[in-house]
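Some notes on the structure that comes next.
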Amino acid sequence: MRPSRFHPNHVTHRLSAVSVAFVTAGMLAGLAPMTVSAGEATAARSLAVRESISATLRSHRGTRILNEQGHGSGTIPCSIVISLTINYTQATITFTCSASNGAISGRGVTAYYASGHVARFSGAVSVTRGSGSYSHAGGSLHIDGKLRRGSYALAAKVEGSVRL
Amino acid sequence: MRPKRILSATAMIMSLTLASPALATVGVKLKVDFTPNRPNASTTIHFGFTVNTPRGAVPSPVTAIALQLPVGMGLGLTTLGEEVCTPSRLEARGPAGCSQNALMGLGRALIELPVGTQIVRSTAAVKIFMGPPVRHHTVMLFDVISVTPVSAEILFPGELVPDMGGLGASLDTLVPVIASWPEGADASVVRMQSSLGPEHLTYYRRVHGHRVAYRPIGMAVPASCPRVGYRFVIKLVFADETSAQAVSDVPCRH
């Protein structure tokens, strides 16, 4: 006699199929990316960064290398050290942002020009290394900043995405 | 004489960098020096060029100048041009209409104008001002004023553009045609000597309500000197579409 649709064996098979469906759905739910807001880590592990930097001149090497120190506020509140090597039309920037849970460092070459009492720099910087919570950090950021010529006080905005 | 409008920057700068115009029988000499000439010192760059022609004829007018600056200087700590002077202000009110703190350099130019078989020569004062930036490039405005025997004022911007992979730079300027009168020949700048730096410059600022004079910081002599010295290269383009080039190496004095 062939098992009917309502044969216990058939029911067992149906339950097994349903069980697999539930397990599969659960697995898929665990892997689905979560909806995020700025500043929260996603399941894909990237951080949208929006930072304001304020720094003052700490030292200079010769006349082209300025070493600045200050703080960053925004996505990653941190102490920040920035070095600018300035040519005629470019500035090479290196930075380290040290937060309570780790540090992020980066480097980039930006356009640079003087306009009266202000010099401006703008361009892409890459995250090159990290420590602590940012030990696997990477990504590209855009920096837009200005230096007060004479005092070399620095103010900048940084935006972009950091892979964690 | 009324100066003509400044030519399109893009078109003329392309002529400096693309196809090589035929070399003219006209030559150019360039002389550059630093005061002081010490590593890392805030310095004034003295530069001058002279256009030489066969048999002393008046050359075709210069329409573009590119002065290539050596690697290692740059704008780092210089405070030259702490204020900005705009072309419209210079045209309307002359140099007196701009802040003293916008001045970056001073010099003289010799202008020649052929009149029949004669050559009329006029000495002009040159002032270099910090201008508003263009395309995210530092701009220096050259204001050339001649009084006698020919009255003329020409104003042209020099744009600091990247060179040598961004480590050096070229100060690219477009020189407007100096027209004389209808049917007359155009005048030519045949010599220019100018400084770019704090020598002979005085800036002012307010400290506790008092006007205090001070000297700006110039560009710095590079810390290390190449064996040939600090190399400057000038290229001139003329209205007859020929060009001439010259090199000047500022010797190492340390």
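Scheme for the structure tokens: letters A, B, ... for chains in order shown; per-chain residue numbers from 1; ligand numbers from 1 in order shown.
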
Show me a table, sorted first by chain and then by increasing residue number, of the residues of chain A having an atom at most 12 Å from chain B, each with its shortest atom pair and the distance in Å to one decimal, counting only C-alpha atoms and written as a Markdown table.
| residue | atom | partner | partner_atom | distance |
| --- | --- | --- | --- | --- |
| A:Leu57 | CA | B:Leu77 | CA | 11.4 |
| A:Ser59 | CA | B:Leu77 | CA | 11.8 |
| A:His60 | CA | B:Leu77 | CA | 9.1 |
| A:Arg61 | CA | B:Asn40 | CA | 9.7 |
| A:Gly62 | CA | B:Asn40 | CA | 6.0 |
| A:Thr63 | CA | B:Leu77 | CA | 5.4 |
| A:Arg64 | CA | B:Gly76 | CA | 4.5 |
| A:Ile65 | CA | B:Gly76 | CA | 7.2 |
| A:Leu66 | CA | B:Gly76 | CA | 7.9 |
| A:Asn67 | CA | B:Gly76 | CA | 11.7 |
| A:Leu84 | CA | B:Gly76 | CA | 9.0 |
| A:Thr85 | CA | B:Gly76 | CA | 7.7 |
| A:Ile86 | CA | B:Gly76 | CA | 5.1 |
| A:Asn87 | CA | B:Gly74 | CA | 4.2 |
| A:Tyr88 | CA | B:Gly74 | CA | 4.0 |
| A:Thr89 | CA | B:Pro162 | CA | 5.8 |
| A:Gln90 | CA | B:Gly166 | CA | 6.4 |
| A:Ala91 | CA | B:Gly76 | CA | 9.1 |
| A:Thr92 | CA | B:Leu167 | CA | 10.5 |
| A:Val109 | CA | B:Gly166 | CA | 9.8 |
| A:Thr110 | CA | B:Gly166 | CA | 10.3 |
| A:Ala111 | CA | B:His136 | CA | 7.4 |
| A:Tyr112 | CA | B:His136 | CA | 7.3 |
| A:Tyr113 | CA | B:Thr138 | CA | 5.0 |
| A:Ala114 | CA | B:Thr138 | CA | 5.3 |
| A:Ser115 | CA | B:Pro133 | CA | 6.1 |
| A:Gly116 | CA | B:Glu83 | CA | 4.1 |
| A:His117 | CA | B:Glu82 | CA | 4.4 |
| A:Val118 | CA | B:Glu82 | CA | 7.8 |
| A:Ala119 | CA | B:Thr138 | CA | 9.1 |
| A:Arg120 | CA | B:His136 | CA | 8.4 |
| A:Phe121 | CA | B:His136 | CA | 8.8 |
| A:Ser122 | CA | B:His136 | CA | 9.1 |
| A:Gly123 | CA | B:His136 | CA | 11.3 |
| A:Leu147 | CA | B:Gly76 | CA | 10.5 |
| A:Arg148 | CA | B:Thr79 | CA | 9.8 |
| A:Arg149 | CA | B:Thr79 | CA | 6.1 |
| A:Gly150 | CA | B:Thr79 | CA | 6.1 |
| A:Ser151 | CA | B:Leu77 | CA | 9.5 |
| A:Tyr152 | CA | B:Leu77 | CA | 8.4 |

Exercise for review: Would you mind listing what lies within 10 Å of Ile53 (chain A) as a PyMOL selection string, with only C-alpha atoms counted and same-chain residues fewer than 3 positions away left out?
Suggested key: chain A and resi 69-74+77-80+82+97+143+145+154-158

Practice item. Using backbone DSSP assignments, extract all strand (DSSP E) residues from region 37-171 of chain B; output them as a PyMOL selection string. Key: chain B and resi 44-52+62-69+103-115+118-134+137-146+152-163+168-171

Review point. Do you know which residues are at most 10 Å from region 110-118 of chain B counting only C-alpha atoms, after dropping those on the same chain fewer than 5 positions away, and could you put them as a list in words?
Key: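 Counting only C-alpha atoms, the residues come to Thr50, Ala57, Val58, Pro59, Pro61, Thr123, Ala124, Ala125, Ser146, Val150, Ala152, Ile178, Ala179, Ser180, Gly184, Ala185, Asp186, Ala187, Ser188, Val189, Val190, Arg191, Met192 and Gln193 of chain B.
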
Please dump the current selection as a short mmCIF file (atom, residue, chain, number, x, y, z; two decimals), in the first residue's frame; keep N, CA, C and O atoms.
data_model
loop_
_atom_site.label_atom_id
_atom_site.label_comp_id
_atom_site.auth_asym_id
_atom_site.auth_seq_id
_atom_site.Cartn_x
_atom_site.Cartn_y
_atom_site.Cartn_z
N THR B 50 66.06 88.69 -20.04
CA THR B 50 66.29 89.66 -21.10
C THR B 50 66.08 88.95 -22.43
O THR B 50 66.62 87.86 -22.65
N ALA B 57 66.74 94.39 -32.98
CA ALA B 57 65.36 94.68 -33.39
C ALA B 57 64.40 94.46 -32.22
O ALA B 57 64.71 93.73 -31.28
N VAL B 58 63.25 95.09 -32.29
CA VAL B 58 62.23 94.87 -31.26
C VAL B 58 61.63 93.48 -31.47
O VAL B 58 61.18 93.16 -32.57
N PRO B 59 61.64 92.63 -30.45
CA PRO B 59 61.12 91.28 -30.66
C PRO B 59 59.60 91.27 -30.74
O PRO B 59 58.94 92.24 -30.35
N PRO B 61 56.08 90.56 -29.41
CA PRO B 61 55.70 90.66 -27.99
C PRO B 61 55.63 89.31 -27.30
O PRO B 61 55.18 88.33 -27.88
N THR B 123 60.48 102.55 -19.27
CA THR B 123 60.73 101.75 -18.08
C THR B 123 59.47 101.70 -17.23
O THR B 123 58.84 102.75 -17.00
N ALA B 124 59.10 100.51 -16.81
CA ALA B 124 57.87 100.34 -16.04
C ALA B 124 58.18 99.76 -14.67
O ALA B 124 59.15 99.01 -14.50
N ALA B 125 57.37 100.14 -13.70
CA ALA B 125 57.47 99.55 -12.35
C ALA B 125 56.65 98.27 -12.32
O ALA B 125 55.57 98.20 -12.92
N SER B 146 53.79 101.71 -16.61
CA SER B 146 54.75 102.60 -17.26
C SER B 146 54.14 104.00 -17.30
O SER B 146 52.94 104.14 -17.53
N VAL B 150 55.73 106.50 -22.49
CA VAL B 150 54.46 105.87 -22.87
C VAL B 150 53.72 105.50 -21.60
O VAL B 150 54.30 104.90 -20.69
N ALA B 152 51.15 103.27 -19.74
CA ALA B 152 50.49 101.98 -19.94
C ALA B 152 50.46 101.24 -18.63
O ALA B 152 51.31 101.42 -17.76
N ILE B 178 50.24 94.61 -25.56
CA ILE B 178 50.25 96.04 -25.24
C ILE B 178 50.08 96.79 -26.57
O ILE B 178 51.04 97.01 -27.31
N ALA B 179 48.84 97.13 -26.86
CA ALA B 179 48.56 97.80 -28.14
C ALA B 179 48.98 99.26 -28.05
O ALA B 179 48.93 99.87 -26.98
N SER B 180 49.39 99.81 -29.17
CA SER B 180 49.76 101.23 -29.19
C SER B 180 48.59 102.03 -29.76
O SER B 180 47.76 102.53 -29.04
N GLY B 184 49.26 100.69 -35.48
CA GLY B 184 50.60 100.73 -34.90
C GLY B 184 51.04 99.35 -34.44
O GLY B 184 50.22 98.46 -34.24
N ALA B 185 52.35 99.19 -34.25
CA ALA B 185 52.88 97.92 -33.76
C ALA B 185 52.56 97.79 -32.26
O ALA B 185 52.35 98.78 -31.57
N ASP B 186 52.53 96.57 -31.80
CA ASP B 186 52.36 96.32 -30.37
C ASP B 186 53.71 96.48 -29.67
O ASP B 186 54.77 96.15 -30.23
N ALA B 187 53.66 96.93 -28.42
CA ALA B 187 54.89 97.08 -27.63
C ALA B 187 55.31 95.73 -27.07
O ALA B 187 54.49 94.81 -26.95
N SER B 188 56.58 95.62 -26.72
CA SER B 188 57.12 94.34 -26.23
C SER B 188 57.84 94.54 -24.91
O SER B 188 58.62 95.50 -24.76
N VAL B 189 57.63 93.64 -23.98
CA VAL B 189 58.44 93.59 -22.76
C VAL B 189 59.73 92.88 -23.14
O VAL B 189 59.71 91.71 -23.51
N VAL B 190 60.85 93.58 -23.09
CA VAL B 190 62.12 92.98 -23.52
C VAL B 190 63.02 92.63 -22.33
O VAL B 190 64.00 91.91 -22.48
N ARG B 191 62.69 93.18 -21.17
CA ARG B 191 63.48 92.85 -20.00
C ARG B 191 62.60 93.00 -18.76
O ARG B 191 61.78 93.92 -18.68
N MET B 192 62.79 92.10 -17.83
CA MET B 192 62.09 92.24 -16.55
C MET B 192 63.00 91.73 -15.45
O MET B 192 63.63 90.68 -15.59
N GLN B 193 63.08 92.53 -14.38
CA GLN B 193 63.82 92.10 -13.20
C GLN B 193 62.90 92.31 -12.02
O GLN B 193 62.33 93.38 -11.87
#

Check your understanding: Closest to Val26 (chain B) among B:Ile154, B:Val175, B:Leu236, B:Val247, using only C-alpha atoms?
Key -> B:Leu236
